[in-house]
Amino acid sequence: MTGNFREIFESRYNKSGTFDTNHLFSASRLTNLNMVSSASLINTGRIECIYEFYASNPNERVQIKFLDFNIPTDKNSTDCKPNDSLQLLTQVKGKYEVMDWYCGAFLPKHIMSTGPKLTLQFIGRYPSGQTKIGYYGFKAEYTFLTNYGISTGIQLGNNCSFAYNSTDKKMGYFTSPNFPGLYPKNINCDYFFHGELDEKVIIRFSYFDVEGVGSCEYLTASDYVEFSNFLSTDRKFPKYCGKRDKFEIRSDDRFFRVSFHSNDRFDRSGFRAYYEFEGKSTPAENTSVQSYVFNQGTNFERDYKELIAILFIVVIVCSLV
């Protein structure tokens, strides 16, 4: 893997920051980069830069969020050009291969590494002064994090496990890792919901797109979400995968578990869901309500009979007169 320039970001120095292509096009800042080869830039006007991110903590992952982006494609085409794109690389048997391509004028979704290392490569051209494009290249921010991009709940240790307690918050939301970006491969996440004695848990999915087909079982090589009223498997609920419309799941009691599993095949955006701890009506409350309705009905019936009796007496008196 070769390039004109290389930038290295390590979490032991900075946990977050920004990087962009502007400095590649600024001659005054080229000396601040590790220049691998300048011949290509001088002879062809093309420029390459490799961005390498290394986490010092094995529990850290790298998340990339794009702030600005414009790497044009050919007219009437959405395909990225190898020499005009940002590429996500992965190392296979000592060699780098392209996992994904990014181009166009729209902000790409968030990127998250599958481990403590992430490598991006930009291949583009040195913009001329006569270009009609207002901005060329990209600007992004990087963050080394341990919460898998899940910002709600209480993380349990360093795992992708999060607790949601009714005593802390009666309602809120939770998401798959790195949402709305693609979730990482080979990941298992658990979301534990703990209600009070008289409560049940309601989960409402507003977005659901998890790679998978059919029954989502092992033979289908599907990623999936599963639900349980216990810490173990609950046969009451099937596994959920694929792209689904909004739907709702309810617990049987005060505890509920949502689990998300991805394999090493494909990925999607995942899910966003809202949770609510709902209180149950107690028998005493039901009795009091029923008693109120019954008493009101009884009183009305008694008053009605008394009114009829009075009218009957009035009619008799009038007839005698």
# chains A, B, ... in the order shown; residues from 1 in each chain; ligands from 1
call {"tool": "select_by_dssp", "arguments": {"residues": "segment 15-170 of chain A", "states": "strand (DSSP E or B)", "output": "PyMOL selection string"}}
result
chain A and resi 16-20+34-35+46-54+61-71+81+84-92+95-102+104+111-112+117-125+137-145+154-155+161-165
call {"tool": "residues_around", "arguments": {"residues": "Gln87 of chain A", "least_positions_apart": "5", "cutoff": "8 Å", "atoms": "only C-alpha atoms", "output": "MDAnalysis selection string"}}
result
chainID A and resid 98:102 120:122
call {"tool": "atom_distance", "arguments": {"atom1": "atom CA of Gly270 of chain A", "atom2": "atom CA of Gly242 of chain A"}}
result
9.5 Å
call {"tool": "residues_around", "arguments": {"residues": "Asp68 of chain A", "least_positions_apart": "2", "cutoff": "9 Å", "atoms": "only C-alpha atoms", "output": "VMD selection string"}}
result
chain A and resid 20 66 70 105 to 107 135 137 to 140
call {"tool": "select_by_dssp", "arguments": {"residues": "segment 10-259 of chain A", "states": "helix (DSSP H, G or I)", "output": "ChimeraX atom specification"}}
result
/A:22-25,27-32,39-44,218-220
call {"tool": "residues_around", "arguments": {"residues": "Phe227 of chain A", "least_positions_apart": "2", "cutoff": "10 Å", "atoms": "only C-alpha atoms", "output": "PDB file with C-alpha atoms, in the first residue's frame"}}
result
ATOM      1  CA  ASP A 190     -27.372  -6.812  25.368  1.00  0.00           C
ATOM      2  CA  TYR A 191     -29.836  -4.227  26.641  1.00  0.00           C
ATOM      3  CA  VAL A 225     -32.390  -9.119  17.332  1.00  0.00           C
ATOM      4  CA  ASN A 229     -38.336 -12.135  29.655  1.00  0.00           C
ATOM      5  CA  PHE A 230     -35.331 -13.926  31.184  1.00  0.00           C
ATOM      6  CA  LEU A 231     -31.543 -13.817  31.099  1.00  0.00           C
ATOM      7  CA  SER A 232     -31.714 -17.009  29.021  1.00  0.00           C
ATOM      8  CA  THR A 233     -33.502 -17.656  25.713  1.00  0.00           C
ATOM      9  CA  ASP A 234     -37.256 -17.094  25.656  1.00  0.00           C
ATOM     10  CA  ARG A 235     -39.095 -19.360  23.216  1.00  0.00           C
ATOM     11  CA  LYS A 236     -42.074 -17.019  23.245  1.00  0.00           C
ATOM     12  CA  PHE A 237     -40.354 -14.588  20.876  1.00  0.00           C
ATOM     13  CA  PRO A 238     -38.948 -15.358  17.399  1.00  0.00           C
ATOM     14  CA  LYS A 239     -35.757 -13.751  16.123  1.00  0.00           C
ATOM     15  CA  TYR A 240     -36.163 -10.538  14.139  1.00  0.00           C
ATOM     16  CA  ILE A 249     -42.830  -5.633  21.842  1.00  0.00           C
ATOM     17  CA  ARG A 250     -44.075  -5.968  25.446  1.00  0.00           C
ATOM     18  CA  SER A 251     -42.591  -7.802  28.406  1.00  0.00           C
ATOM     19  CA  PHE A 256     -36.820  -7.589  29.819  1.00  0.00           C
ATOM     20  CA  ARG A 257     -33.748  -8.264  27.673  1.00  0.00           C
ATOM     21  CA  VAL A 258     -33.068  -7.182  24.081  1.00  0.00           C
ATOM     22  CA  SER A 259     -30.053  -8.778  22.367  1.00  0.00           C
ATOM     23  CA  PHE A 260     -28.395  -7.894  19.077  1.00  0.00           C
TER      24      PHE A 260
END
call {"tool": "atom_distance", "arguments": {"atom1": "atom CA of Phe174 of chain A", "atom2": "atom CA of Asn186 of chain A"}}
result
19.6 Å
call {"tool": "closest_residue", "arguments": {"among": "A:His110, A:His194, A:Arg272, A:His261", "to": "Phe162 of chain A", "atoms": "only C-alpha atoms"}}
result
A:His194
call {"tool": "closest_residue", "arguments": {"among": "A:Lys243, A:His23, A:Arg61, A:Lys200", "to": "Cys216 of chain A", "atoms": "only C-alpha atoms"}}
result
A:Lys243
call {"tool": "atom_distance", "arguments": {"atom1": "atom CA of Thr220 of chain A", "atom2": "atom CA of Ser262 of chain A"}}
result
12.4 Å
call {"tool": "residues_around", "arguments": {"residues": "Phe266 of chain A", "least_positions_apart": "3", "cutoff": "9 Å", "atoms": "only C-alpha atoms", "output": "count of residues only"}}
result
7
call {"tool": "residues_around", "arguments": {"residues": "Phe205 of chain A", "least_positions_apart": "3", "cutoff": "8 Å", "atoms": "only C-alpha atoms", "output": "MDAnalysis selection string"}}
result
chainID A and resid 208 246:248 271:274
call {"tool": "write_last_selection", "arguments": {"atoms": "N, CA, C and O atoms", "output": "short mmCIF file (atom, residue, chain, number, x, y, z; two decimals), in the first residue's frame"}}
result
data_model
loop_
_atom_site.label_atom_id
_atom_site.label_comp_id
_atom_site.auth_asym_id
_atom_site.auth_seq_id
_atom_site.Cartn_x
_atom_site.Cartn_y
_atom_site.Cartn_z
N PHE A 208 -35.84 -0.13 11.80
CA PHE A 208 -35.29 -1.48 11.95
C PHE A 208 -34.79 -1.97 10.59
O PHE A 208 -35.58 -2.14 9.66
N LYS A 246 -42.41 -0.06 11.59
CA LYS A 246 -42.47 0.15 13.03
C LYS A 246 -43.24 -0.99 13.70
O LYS A 246 -44.25 -1.45 13.18
N PHE A 247 -42.74 -1.43 14.84
CA PHE A 247 -43.45 -2.47 15.58
C PHE A 247 -43.17 -2.34 17.07
O PHE A 247 -42.28 -1.58 17.49
N GLU A 248 -43.93 -3.09 17.87
CA GLU A 248 -43.88 -2.96 19.32
C GLU A 248 -43.78 -4.33 19.98
O GLU A 248 -44.37 -5.30 19.52
N PHE A 271 -30.85 -0.43 14.23
CA PHE A 271 -32.17 -0.06 14.74
C PHE A 271 -32.10 1.10 15.71
O PHE A 271 -31.06 1.42 16.28
N ARG A 272 -33.27 1.73 15.85
CA ARG A 272 -33.50 2.72 16.90
C ARG A 272 -34.82 2.37 17.55
O ARG A 272 -35.82 2.12 16.86
N ALA A 273 -34.87 2.33 18.88
CA ALA A 273 -36.08 1.93 19.59
C ALA A 273 -36.29 2.82 20.81
O ALA A 273 -35.33 3.36 21.38
N TYR A 274 -37.53 2.94 21.20
CA TYR A 274 -37.91 3.70 22.40
C TYR A 274 -38.46 2.74 23.45
O TYR A 274 -39.20 1.82 23.12
#
call {"tool": "closest_residue", "arguments": {"among": "A:Lys170, A:Arg6, A:Arg244, A:Lys65", "to": "Phe193 of chain A", "atoms": "only C-alpha atoms"}}
result
A:Lys170
